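Undergrad: Just work.csv, nothing more (CSV, C-alpha atoms):
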chain,number,residue,atom,x,y,z
A,22,MET,CA,15.3,36.7,-4.2
A,23,LYS,CA,12.2,38.9,-4.8
A,24,LYS,CA,10.0,36.2,-3.3
A,25,THR,CA,12.2,36.1,-0.2
A,26,TYR,CA,11.8,39.9,0.3
A,27,LEU,CA,8.1,39.6,-0.3
A,28,MET,CA,7.7,36.9,2.3
A,29,ILE,CA,9.7,38.9,4.9
A,30,PHE,CA,7.6,42.0,4.2
A,31,LEU,CA,4.4,40.1,4.6
A,32,LEU,CA,5.6,38.5,7.9
A,33,MET,CA,6.5,42.0,9.2
A,34,MET,CA,3.1,43.3,8.3
A,35,LEU,CA,1.3,40.4,10.1
A,36,VAL,CA,3.4,41.0,13.2
A,37,MET,CA,2.5,44.7,13.2
A,38,VAL,CA,-1.2,44.1,12.6
A,39,GLY,CA,-1.2,41.5,15.4
A,40,ALA,CA,0.5,43.8,17.8
A,41,GLY,CA,-1.9,46.6,16.9
A,42,CYS,CA,-4.9,44.4,17.5
A,43,SER,CA,-3.5,43.2,20.8
A,44,SER,CA,-2.9,46.8,21.9
A,45,ASP,CA,-6.4,47.9,20.9
A,46,GLU,CA,-7.9,45.0,22.8
A,47,THR,CA,-5.9,45.8,25.9
A,48,GLU,CA,-7.0,49.4,25.7
A,49,MET,CA,-10.7,48.5,25.3
A,50,LYS,CA,-10.5,46.1,28.2
A,51,ALA,CA,-8.9,48.8,30.4
A,52,GLN,CA,-11.6,51.3,29.4
A,53,ALA,CA,-14.3,48.8,30.1
A,54,GLY,CA,-13.0,47.9,33.5
A,55,GLY,CA,-12.1,51.4,34.7
A,56,LYS,CA,-14.2,54.3,36.0
A,57,VAL,CA,-14.6,57.7,34.4
A,58,GLU,CA,-13.4,60.4,36.8
A,59,LEU,CA,-15.1,63.8,36.9
A,60,THR,CA,-13.6,66.9,38.5
A,61,VAL,CA,-16.1,69.5,39.9
A,62,SER,CA,-14.9,72.8,41.1
A,63,ALA,CA,-17.4,74.1,43.7
A,64,ALA,CA,-17.9,76.9,46.2
A,65,VAL,CA,-16.8,75.6,49.6
A,66,SER,CA,-20.3,76.5,51.1
A,67,LEU,CA,-21.7,73.6,49.0
A,68,GLN,CA,-19.4,71.0,50.5
A,69,ASP,CA,-21.8,69.2,52.8
A,70,ALA,CA,-24.7,69.0,50.3
A,71,LEU,CA,-22.4,68.0,47.4
A,72,ASN,CA,-20.8,65.2,49.4
A,73,ASP,CA,-24.2,63.7,50.1
A,74,ILE,CA,-25.2,64.0,46.5
A,75,LYS,CA,-21.9,62.4,45.4
A,76,LYS,CA,-22.8,59.3,47.5
A,77,SER,CA,-26.2,58.9,46.0
A,78,PHE,CA,-25.0,59.6,42.4
A,79,GLU,CA,-22.2,57.1,42.5
A,80,LYS,CA,-24.5,54.4,43.9
A,81,GLU,CA,-26.7,54.9,40.8
A,82,ASN,CA,-23.7,55.4,38.4
A,83,ALA,CA,-21.0,52.9,39.4
A,84,ASN,CA,-18.9,53.7,36.3
A,85,VAL,CA,-18.4,57.4,37.3
A,86,GLU,CA,-16.3,58.8,40.2
A,87,VAL,CA,-16.8,62.4,41.2
A,88,HIS,CA,-13.9,64.4,42.6
A,89,TYR,CA,-14.5,67.8,44.2
A,90,ASN,CA,-12.2,70.9,44.3
A,91,PHE,CA,-13.7,73.1,46.9
A,92,GLY,CA,-12.7,76.8,47.4
A,93,ALA,CA,-13.7,80.4,47.0
A,94,SER,CA,-15.6,80.9,43.7
A,95,GLY,CA,-13.3,83.6,42.5
A,96,ALA,CA,-10.2,81.5,43.0
A,97,LEU,CA,-11.8,78.5,41.3
A,98,GLN,CA,-12.9,80.7,38.3
A,99,GLN,CA,-9.3,81.9,37.9
A,100,GLN,CA,-8.0,78.4,38.0
A,101,ILE,CA,-10.4,77.4,35.2
A,102,SER,CA,-9.6,80.5,33.2
A,103,GLN,CA,-5.9,79.5,33.4
A,104,GLY,CA,-6.6,76.0,32.1
A,105,ALA,CA,-7.2,73.8,35.1
A,106,PRO,CA,-8.7,70.5,34.0
A,107,VAL,CA,-12.3,70.8,35.3
A,108,ASP,CA,-15.6,69.2,34.1
A,109,LEU,CA,-18.1,71.3,36.0
A,110,PHE,CA,-18.1,74.7,37.8
A,111,PHE,CA,-20.6,75.3,40.7
A,112,SER,CA,-20.2,78.9,41.8
A,113,ALA,CA,-21.6,80.9,44.7
A,114,ALA,CA,-21.9,84.0,42.5
A,115,GLU,CA,-23.2,84.8,39.1
A,116,ASP,CA,-20.5,87.2,38.1
A,117,LYS,CA,-17.7,84.5,38.6
A,118,PHE,CA,-19.8,82.1,36.4
A,119,ASP,CA,-20.5,84.8,33.8
A,120,LYS,CA,-16.8,85.4,33.5
A,121,LEU,CA,-16.3,81.9,32.2
A,122,VAL,CA,-19.3,82.3,29.8
A,123,GLU,CA,-17.6,85.5,28.5
A,124,GLU,CA,-14.4,83.6,27.9
A,125,ASP,CA,-16.2,80.9,26.0
A,126,LEU,CA,-15.3,78.3,28.5
A,127,ILE,CA,-19.0,77.6,29.4
A,128,GLU,CA,-21.9,77.8,27.0
A,129,GLU,CA,-25.1,79.5,28.4
A,130,LYS,CA,-27.2,76.5,27.3
A,131,ASN,CA,-24.9,74.3,29.5
A,132,GLY,CA,-25.5,76.3,32.7
A,133,ILE,CA,-28.4,76.9,35.1
A,134,ASP,CA,-29.0,79.0,38.3
A,135,LEU,CA,-29.7,76.1,40.6
A,136,VAL,CA,-30.1,77.2,44.3
A,137,GLY,CA,-30.1,80.3,46.5
A,138,ASN,CA,-28.8,81.2,50.0
A,139,ASP,CA,-29.0,83.9,52.7
A,140,LEU,CA,-26.4,86.0,54.4
A,141,VAL,CA,-26.5,85.9,58.2
A,142,LEU,CA,-24.7,87.5,61.1
A,143,VAL,CA,-23.2,85.0,63.5
A,144,VAL,CA,-21.5,85.3,66.9
A,145,PRO,CA,-19.9,82.7,69.2
A,146,LYS,CA,-22.4,80.7,71.3
A,147,ASP,CA,-20.9,82.1,74.5
A,148,SER,CA,-20.6,85.7,73.3
A,149,LYS,CA,-20.9,88.4,75.9
A,150,LYS,CA,-20.8,91.3,73.4
A,151,GLU,CA,-24.6,92.1,73.4
A,152,ILE,CA,-24.7,92.0,69.6
A,153,GLY,CA,-28.4,91.5,68.7
A,154,SER,CA,-28.6,93.0,65.2
A,155,LEU,CA,-26.5,94.0,62.2
A,156,GLU,CA,-26.6,97.6,63.6
A,157,ASP,CA,-24.9,96.3,66.8
A,158,LEU,CA,-21.8,95.3,64.8
A,159,THR,CA,-20.4,98.7,66.0
A,160,LYS,CA,-19.9,97.0,69.4
A,161,ALA,CA,-17.6,94.3,68.0
A,162,ALA,CA,-13.8,94.8,68.1
A,163,LYS,CA,-13.2,92.3,65.3
A,164,ILE,CA,-15.6,91.2,62.5
A,165,SER,CA,-14.7,88.6,59.9
A,166,ILE,CA,-15.9,88.5,56.3
A,167,GLY,CA,-14.6,86.8,53.2
A,168,THR,CA,-12.1,88.7,51.0
A,169,PRO,CA,-14.6,90.5,48.7
A,170,GLU,CA,-12.5,90.3,45.6
A,171,SER,CA,-12.5,86.4,45.6
A,172,VAL,CA,-15.1,85.3,48.0
A,173,PRO,CA,-18.8,85.9,47.0
A,174,ALA,CA,-20.0,85.9,50.7
A,175,GLY,CA,-17.4,88.6,51.4
A,176,GLN,CA,-18.7,90.6,48.4
A,177,TYR,CA,-22.2,90.3,49.7
A,178,ALA,CA,-21.1,91.2,53.2
A,179,LYS,CA,-19.2,94.3,52.0
A,180,GLN,CA,-22.3,95.4,50.0
A,181,THR,CA,-24.5,95.0,53.1
A,182,LEU,CA,-22.2,97.0,55.3
A,183,GLU,CA,-21.8,99.7,52.6
A,184,ASN,CA,-25.6,100.0,52.2
A,185,MET,CA,-26.0,100.3,56.0
A,186,ASN,CA,-23.2,103.0,56.0
A,187,LEU,CA,-21.1,100.9,58.3
A,188,PHE,CA,-18.3,99.7,56.1
A,189,LYS,CA,-16.0,102.8,56.4
A,190,LYS,CA,-16.7,103.1,60.1
A,191,MET,CA,-15.6,99.5,60.7
A,192,GLU,CA,-13.1,98.9,58.0
A,193,ASP,CA,-10.2,98.8,60.4
A,194,ARG,CA,-11.9,96.1,62.4
A,195,LEU,CA,-12.5,93.7,59.6
A,196,VAL,CA,-10.6,90.4,59.4
A,197,TYR,CA,-10.6,89.0,55.9
A,198,ALA,CA,-10.8,85.2,55.2
A,199,LYS,CA,-9.9,83.1,52.2
A,200,ASP,CA,-13.4,81.6,52.1
A,201,VAL,CA,-16.7,81.5,54.0
A,202,ARG,CA,-15.7,78.4,56.1
A,203,GLN,CA,-12.7,80.2,57.4
A,204,VAL,CA,-14.9,83.1,58.5
A,205,LEU,CA,-17.1,80.5,60.4
A,206,THR,CA,-13.9,79.0,62.0
A,207,TYR,CA,-12.8,82.5,63.2
A,208,VAL,CA,-16.2,83.0,64.9
A,209,GLU,CA,-16.3,79.4,66.3
A,210,THR,CA,-12.9,79.8,68.0
A,211,GLY,CA,-13.6,83.3,69.3
A,212,ASN,CA,-10.9,84.9,67.3
A,213,VAL,CA,-13.5,87.5,66.2
A,214,ASP,CA,-16.6,88.8,67.8
A,215,ALA,CA,-18.9,88.3,64.8
A,216,GLY,CA,-18.9,87.2,61.2
A,217,LEU,CA,-21.1,87.4,58.1
A,218,VAL,CA,-21.5,83.9,56.5
A,219,TYR,CA,-24.1,82.0,54.5
A,220,LYS,CA,-27.0,80.6,56.4
A,221,THR,CA,-26.2,77.1,55.2
A,222,ASP,CA,-22.8,77.2,56.9
A,223,ALA,CA,-24.2,78.7,60.1
A,224,LEU,CA,-26.9,76.0,60.4
A,225,ASN,CA,-24.3,73.3,60.4
A,226,SER,CA,-22.3,74.7,63.3
A,227,SER,CA,-23.1,74.1,66.9
A,228,LYS,CA,-20.6,76.7,68.0
A,229,VAL,CA,-22.2,79.8,66.6
A,230,GLU,CA,-25.5,81.6,67.0
A,231,ILE,CA,-27.4,83.3,64.2
A,232,ILE,CA,-28.3,86.8,65.2
A,233,ALA,CA,-29.9,88.3,62.1
A,234,SER,CA,-30.3,87.8,58.4
A,235,ALA,CA,-29.2,90.6,56.0
A,236,GLN,CA,-32.2,92.0,54.1
A,237,ALA,CA,-32.2,90.9,50.4
A,238,ASP,CA,-32.2,94.5,49.2
A,239,LEU,CA,-28.8,95.2,51.0
A,240,HIS,CA,-26.8,93.0,48.6
A,241,ASP,CA,-26.9,91.3,45.2
A,242,PRO,CA,-29.1,88.2,44.9
A,243,ILE,CA,-27.2,85.1,46.3
A,244,ILE,CA,-27.5,82.7,43.4
A,245,TYR,CA,-25.5,79.5,42.7
A,246,PRO,CA,-25.1,78.7,39.0
A,247,VAL,CA,-23.6,75.4,37.8
A,248,GLY,CA,-22.4,74.6,34.3
A,249,MET,CA,-20.3,72.2,32.2
A,250,ILE,CA,-17.0,73.3,30.9
A,251,ASN,CA,-16.6,73.3,27.1
A,252,ASN,CA,-14.6,70.6,25.2
A,253,LEU,CA,-14.9,67.9,27.8
A,254,ASP,CA,-13.2,64.6,27.6
A,255,HIS,CA,-16.1,63.0,29.4
A,256,ALA,CA,-19.1,65.1,28.2
A,257,LYS,CA,-21.6,62.3,28.5
A,258,GLU,CA,-20.7,61.6,32.1
A,259,ALA,CA,-20.5,65.3,32.9
A,260,LYS,CA,-24.0,65.8,31.5
A,261,LEU,CA,-25.2,62.9,33.6
A,262,PHE,CA,-24.0,64.6,36.8
A,263,TYR,CA,-25.2,68.0,35.7
A,264,ASP,CA,-28.7,66.6,35.2
A,265,TYR,CA,-28.5,64.7,38.5
A,266,LEU,CA,-27.9,67.9,40.4
A,267,GLN,CA,-31.2,69.1,39.1
A,268,THR,CA,-33.2,66.1,40.2
A,269,GLU,CA,-35.8,66.1,43.0
A,270,ALA,CA,-33.6,63.9,45.1
A,271,SER,CA,-30.7,66.3,44.8
A,272,MET,CA,-32.9,69.4,45.5
A,273,LYS,CA,-34.1,67.7,48.7
A,274,ILE,CA,-30.5,67.4,49.8
A,275,PHE,CA,-29.8,71.1,49.0
A,276,GLU,CA,-32.9,72.1,51.0
A,277,LYS,CA,-31.9,69.9,53.9
A,278,TYR,CA,-28.7,72.0,54.2
A,279,GLY,CA,-30.6,75.3,54.0
A,280,PHE,CA,-30.3,76.2,50.4
A,281,LYS,CA,-33.3,77.7,48.7
A,282,LYS,CA,-34.9,76.3,45.6
A,283,LEU,CA,-35.1,78.8,42.8
A,284,LYS,CA,-37.6,77.1,40.5
Starting from the coordinates I provided, produce the structure as structure tokens.
TA:
Amino acid sequence: MKKTYLMIFLLMMLVMVGAGCSSDETEMKAQAGGKVELTVSAAVSLQDALNDIKKSFEKENANVEVHYNFGASGALQQQISQGAPVDLFFSAAEDKFDKLVEEDLIEEKNGIDLVGNDLVLVVPKDSKKEIGSLEDLTKAAKISIGTPESVPAGQYAKQTLENMNLFKKMEDRLVYAKDVRQVLTYVETGNVDAGLVYKTDALNSSKVEIIASAQADLHDPIIYPVGMINNLDHAKEAKLFYDYLQTEASMKIFEKYGFKKLK
């Protein structure tokens, strides 16, 4: 009787081990044949440049697929703070990035100030408003800027207007937008007489005219930091893309779209 029980026990163990091996082999095959997917939360002003970089990166790294989540830097930062599954954060403002460093979601050694930008005044191509400078904004009935609390471009725009003593005079004419691309759309469609956007966005639109650039001393430096989120599932692949963003090939793409090299 004891021998019978022993035989049954051994047979059950063999079946379980065999099933386990089969399961492990299936999992390994699935991992070998699949792609690692990365999620990058990035300021919407980076969209065109990052889409080009994604194409070249994925050609060289066939096992990695990059997915972007574009939006206003402040909104993206809040999503990450609340636990959104993100591998890298590419912000249009240092303060939004620094917030995640303070929350121990990004280590300083895993981040870098990568590119810079300029803030410019734009009007519709067919504008009849005779706006030829930032001072001429007083001639506009409606001016669009990004919402300063969540949109870095809006924050820079507000600083510029405040330092020119124009903000309070024109506050009731301001039309706030969810991100810099929406500001550009308002100007392109003639819903507003003028807008303050990044130079990179203005250069890619055939429907607006750049009237002037805001002097650098009128607002905080426009710097785009990028970094890897802590405790990643795919740290190796995230580092691969993080490093690729800093390559000469990527920097040429950023410069093609009007971004400034910082180093």
Undergrad: Might you pull out every residue within 9 Å of stretch 259-265 of chain A, with all atoms listed in the file counted and same-chain residues fewer than 2 positions away left off, and present them as a list in words?
TA: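 Contacts, in chain order: Leu59, Ile74, Phe78, Val87, Asp108, Leu109, Asn131, Gly132, Val247, Gly248, Met249, Ile250, Leu253, His255, Ala256, Lys257, Gln267, Thr268, Glu269, Ala270 and Ser271 of chain A.
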Undergrad: A:Asp222, A:Glu79, A:Glu276, A:Asp193: which is nearest A:Val208, counting only C-alpha atoms?
TA: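 Checking each candidate against A:Val208, we get A:Asp222 as the closest.
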Undergrad: Kindly give the distance, in Å, that separates atom CA of A:Glu156 and atom CA of A:Glu230, rounded to a single decimal.
TA: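 Atom-to-atom, atom CA of A:Glu156 to atom CA of A:Glu230, that is 16.4 Å.
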Undergrad: Just the residues within 9 Å of stretch 157-161 of chain A, please, counting all atoms listed in the file, with nothing from its chain fewer than 5 positions along; format it as a list in words.
TA: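 The contact residues come out as Lys150, Glu151, Ile152, Leu187, Lys190, Met191, Arg194, Val213, Asp214 and Ala215 of chain A.
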Undergrad: Considering all atoms listed in the file, can you say which of A:Ile231, A:Ile244, A:Gly104, A:Asp147 comes closest to A:Asp116?
TA: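 When distances to A:Asp116 are compared using all atoms listed in the file, the smallest one comes from A:Ile244.
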Undergrad: With distances taken over all atoms listed in the file, which of A:Ser62, A:Ser102, A:Tyr89, A:Ile232 is nearest to A:Lys75?
TA: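 Nearest to A:Lys75: A:Tyr89.
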Undergrad: Looking at only C-alpha atoms, which of A:Leu67, A:Ile101, A:Val85, A:Val144 is the one that sits closest to A:Asp125?
TA: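 Smallest distance to A:Asp125 is found for A:Ile101.
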Undergrad: Could you pull the residues within 12 Å of stretch 174-184 of chain A, counting only C-alpha atoms, minus those fewer than 6 positions along the same chain, as a PDB file with C-alpha atoms, keeping the file's coordinate frame?
TA:
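Result written to out12.pdb:
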ATOM      1  CA  ALA A  64     -17.900  76.900  46.200  1.00  0.00           C
ATOM      2  CA  VAL A  65     -16.800  75.600  49.600  1.00  0.00           C
ATOM      3  CA  SER A  66     -20.300  76.500  51.100  1.00  0.00           C
ATOM      4  CA  ALA A  93     -13.700  80.400  47.000  1.00  0.00           C
ATOM      5  CA  SER A  94     -15.600  80.900  43.700  1.00  0.00           C
ATOM      6  CA  GLY A  95     -13.300  83.600  42.500  1.00  0.00           C
ATOM      7  CA  SER A 112     -20.200  78.900  41.800  1.00  0.00           C
ATOM      8  CA  ALA A 113     -21.600  80.900  44.700  1.00  0.00           C
ATOM      9  CA  ALA A 114     -21.900  84.000  42.500  1.00  0.00           C
ATOM     10  CA  GLU A 115     -23.200  84.800  39.100  1.00  0.00           C
ATOM     11  CA  ASP A 116     -20.500  87.200  38.100  1.00  0.00           C
ATOM     12  CA  LYS A 117     -17.700  84.500  38.600  1.00  0.00           C
ATOM     13  CA  ASN A 138     -28.800  81.200  50.000  1.00  0.00           C
ATOM     14  CA  ASP A 139     -29.000  83.900  52.700  1.00  0.00           C
ATOM     15  CA  LEU A 140     -26.400  86.000  54.400  1.00  0.00           C
ATOM     16  CA  VAL A 141     -26.500  85.900  58.200  1.00  0.00           C
ATOM     17  CA  LEU A 142     -24.700  87.500  61.100  1.00  0.00           C
ATOM     18  CA  LEU A 155     -26.500  94.000  62.200  1.00  0.00           C
ATOM     19  CA  GLU A 156     -26.600  97.600  63.600  1.00  0.00           C
ATOM     20  CA  ASP A 157     -24.900  96.300  66.800  1.00  0.00           C
ATOM     21  CA  LEU A 158     -21.800  95.300  64.800  1.00  0.00           C
ATOM     22  CA  THR A 159     -20.400  98.700  66.000  1.00  0.00           C
ATOM     23  CA  ILE A 164     -15.600  91.200  62.500  1.00  0.00           C
ATOM     24  CA  SER A 165     -14.700  88.600  59.900  1.00  0.00           C
ATOM     25  CA  ILE A 166     -15.900  88.500  56.300  1.00  0.00           C
ATOM     26  CA  GLY A 167     -14.600  86.800  53.200  1.00  0.00           C
ATOM     27  CA  THR A 168     -12.100  88.700  51.000  1.00  0.00           C
ATOM     28  CA  LYS A 190     -16.700 103.100  60.100  1.00  0.00           C
ATOM     29  CA  MET A 191     -15.600  99.500  60.700  1.00  0.00           C
ATOM     30  CA  GLU A 192     -13.100  98.900  58.000  1.00  0.00           C
ATOM     31  CA  LEU A 195     -12.500  93.700  59.600  1.00  0.00           C
ATOM     32  CA  VAL A 196     -10.600  90.400  59.400  1.00  0.00           C
ATOM     33  CA  TYR A 197     -10.600  89.000  55.900  1.00  0.00           C
ATOM     34  CA  ALA A 198     -10.800  85.200  55.200  1.00  0.00           C
ATOM     35  CA  LYS A 199      -9.900  83.100  52.200  1.00  0.00           C
ATOM     36  CA  ASP A 200     -13.400  81.600  52.100  1.00  0.00           C
ATOM     37  CA  VAL A 201     -16.700  81.500  54.000  1.00  0.00           C
ATOM     38  CA  ARG A 202     -15.700  78.400  56.100  1.00  0.00           C
ATOM     39  CA  GLN A 203     -12.700  80.200  57.400  1.00  0.00           C
ATOM     40  CA  VAL A 204     -14.900  83.100  58.500  1.00  0.00           C
ATOM     41  CA  LEU A 205     -17.100  80.500  60.400  1.00  0.00           C
ATOM     42  CA  GLY A 216     -18.900  87.200  61.200  1.00  0.00           C
ATOM     43  CA  LEU A 217     -21.100  87.400  58.100  1.00  0.00           C
ATOM     44  CA  VAL A 218     -21.500  83.900  56.500  1.00  0.00           C
ATOM     45  CA  TYR A 219     -24.100  82.000  54.500  1.00  0.00           C
ATOM     46  CA  LYS A 220     -27.000  80.600  56.400  1.00  0.00           C
ATOM     47  CA  THR A 221     -26.200  77.100  55.200  1.00  0.00           C
ATOM     48  CA  ASP A 222     -22.800  77.200  56.900  1.00  0.00           C
ATOM     49  CA  SER A 234     -30.300  87.800  58.400  1.00  0.00           C
ATOM     50  CA  ALA A 235     -29.200  90.600  56.000  1.00  0.00           C
ATOM     51  CA  GLN A 236     -32.200  92.000  54.100  1.00  0.00           C
ATOM     52  CA  ALA A 237     -32.200  90.900  50.400  1.00  0.00           C
ATOM     53  CA  ASP A 238     -32.200  94.500  49.200  1.00  0.00           C
ATOM     54  CA  LEU A 239     -28.800  95.200  51.000  1.00  0.00           C
ATOM     55  CA  HIS A 240     -26.800  93.000  48.600  1.00  0.00           C
ATOM     56  CA  ASP A 241     -26.900  91.300  45.200  1.00  0.00           C
ATOM     57  CA  PRO A 242     -29.100  88.200  44.900  1.00  0.00           C
ATOM     58  CA  ILE A 243     -27.200  85.100  46.300  1.00  0.00           C
ATOM     59  CA  ILE A 244     -27.500  82.700  43.400  1.00  0.00           C
ATOM     60  CA  TYR A 245     -25.500  79.500  42.700  1.00  0.00           C
TER      61      TYR A 245
END
Undergrad: Just to confirm, what's the straight-line distance from atom CA of A:Phe110 to atom CA of A:Leu135 in Å (one decimal)?
TA: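 Distance between the two atoms: 12.0 Å.
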Undergrad: Would you work out the distance separating atom CA of A:Gly137 from atom CA of A:Phe275, expressed in Å to one decimal?
TA: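 Atom CA of A:Phe275 lies 9.5 Å from atom CA of A:Gly137.
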Undergrad: Which of these residues is nearest to A:Glu258, using all atoms listed in the file: A:Ala83, A:Asp73, A:Phe91, A:Met185?
TA: A:Ala83
Undergrad: Might you pull out every residue within 7 Å of A:Pro145, with all atoms listed in the file counted and same-chain residues fewer than 3 positions away left off, and present them as an MDAnalysis selection string?
TA: chainID A and resid 148 208:209 211 228:230
Undergrad: Could you add N, CA, C and O atoms to stretch 56-70 of chain A and give me the result as a PDB file, in the coordinates of the input?
TA:
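Everything below was put into rebuild_20.pdb:
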ATOM      1  N   LYS A  56     -13.093  53.379  35.728  1.00  0.00           N
ATOM      2  CA  LYS A  56     -14.200  54.300  36.000  1.00  0.00           C
ATOM      3  C   LYS A  56     -13.807  55.670  35.327  1.00  0.00           C
ATOM      4  O   LYS A  56     -12.644  56.046  35.227  1.00  0.00           O
ATOM      5  N   VAL A  57     -14.829  56.388  34.912  1.00  0.00           N
ATOM      6  CA  VAL A  57     -14.600  57.700  34.400  1.00  0.00           C
ATOM      7  C   VAL A  57     -14.598  58.684  35.604  1.00  0.00           C
ATOM      8  O   VAL A  57     -15.475  58.641  36.463  1.00  0.00           O
ATOM      9  N   GLU A  58     -13.560  59.508  35.670  1.00  0.00           N
ATOM     10  CA  GLU A  58     -13.400  60.400  36.800  1.00  0.00           C
ATOM     11  C   GLU A  58     -13.782  61.840  36.369  1.00  0.00           C
ATOM     12  O   GLU A  58     -13.275  62.348  35.376  1.00  0.00           O
ATOM     13  N   LEU A  59     -14.681  62.453  37.140  1.00  0.00           N
ATOM     14  CA  LEU A  59     -15.100  63.800  36.900  1.00  0.00           C
ATOM     15  C   LEU A  59     -14.527  64.745  37.956  1.00  0.00           C
ATOM     16  O   LEU A  59     -14.472  64.382  39.129  1.00  0.00           O
ATOM     17  N   THR A  60     -14.126  65.939  37.552  1.00  0.00           N
ATOM     18  CA  THR A  60     -13.600  66.900  38.500  1.00  0.00           C
ATOM     19  C   THR A  60     -14.641  68.099  38.536  1.00  0.00           C
ATOM     20  O   THR A  60     -14.950  68.690  37.493  1.00  0.00           O
ATOM     21  N   VAL A  61     -15.143  68.385  39.724  1.00  0.00           N
ATOM     22  CA  VAL A  61     -16.100  69.500  39.900  1.00  0.00           C
ATOM     23  C   VAL A  61     -15.526  70.522  40.820  1.00  0.00           C
ATOM     24  O   VAL A  61     -15.212  70.246  41.980  1.00  0.00           O
ATOM     25  N   SER A  62     -15.329  71.728  40.302  1.00  0.00           N
ATOM     26  CA  SER A  62     -14.900  72.800  41.100  1.00  0.00           C
ATOM     27  C   SER A  62     -16.112  73.543  41.682  1.00  0.00           C
ATOM     28  O   SER A  62     -16.968  73.999  40.920  1.00  0.00           O
ATOM     29  N   ALA A  63     -16.205  73.601  43.026  1.00  0.00           N
ATOM     30  CA  ALA A  63     -17.400  74.100  43.700  1.00  0.00           C
ATOM     31  C   ALA A  63     -17.130  75.007  44.844  1.00  0.00           C
ATOM     32  O   ALA A  63     -16.126  74.816  45.549  1.00  0.00           O
ATOM     33  N   ALA A  64     -18.000  75.981  45.054  1.00  0.00           N
ATOM     34  CA  ALA A  64     -17.900  76.900  46.200  1.00  0.00           C
ATOM     35  C   ALA A  64     -17.883  76.052  47.494  1.00  0.00           C
ATOM     36  O   ALA A  64     -18.647  75.098  47.632  1.00  0.00           O
ATOM     37  N   VAL A  65     -17.025  76.429  48.425  1.00  0.00           N
ATOM     38  CA  VAL A  65     -16.800  75.600  49.600  1.00  0.00           C
ATOM     39  C   VAL A  65     -18.133  75.556  50.469  1.00  0.00           C
ATOM     40  O   VAL A  65     -18.339  74.593  51.210  1.00  0.00           O
ATOM     41  N   SER A  66     -19.031  76.524  50.318  1.00  0.00           N
ATOM     42  CA  SER A  66     -20.300  76.500  51.100  1.00  0.00           C
ATOM     43  C   SER A  66     -21.198  75.353  50.620  1.00  0.00           C
ATOM     44  O   SER A  66     -22.159  75.004  51.316  1.00  0.00           O
ATOM     45  N   LEU A  67     -20.887  74.738  49.484  1.00  0.00           N
ATOM     46  CA  LEU A  67     -21.700  73.600  49.000  1.00  0.00           C
ATOM     47  C   LEU A  67     -21.171  72.262  49.444  1.00  0.00           C
ATOM     48  O   LEU A  67     -21.754  71.228  49.117  1.00  0.00           O
ATOM     49  N   GLN A  68     -20.098  72.267  50.190  1.00  0.00           N
ATOM     50  CA  GLN A  68     -19.400  71.000  50.500  1.00  0.00           C
ATOM     51  C   GLN A  68     -20.246  69.929  51.094  1.00  0.00           C
ATOM     52  O   GLN A  68     -20.232  68.787  50.622  1.00  0.00           O
ATOM     53  N   ASP A  69     -20.986  70.228  52.136  1.00  0.00           N
ATOM     54  CA  ASP A  69     -21.800  69.200  52.800  1.00  0.00           C
ATOM     55  C   ASP A  69     -22.859  68.612  51.905  1.00  0.00           C
ATOM     56  O   ASP A  69     -23.031  67.394  51.822  1.00  0.00           O
ATOM     57  N   ALA A  70     -23.578  69.489  51.230  1.00  0.00           N
ATOM     58  CA  ALA A  70     -24.700  69.000  50.300  1.00  0.00           C
ATOM     59  C   ALA A  70     -24.093  68.208  49.195  1.00  0.00           C
ATOM     60  O   ALA A  70     -24.622  67.140  48.857  1.00  0.00           O
TER      61      ALA A  70
END
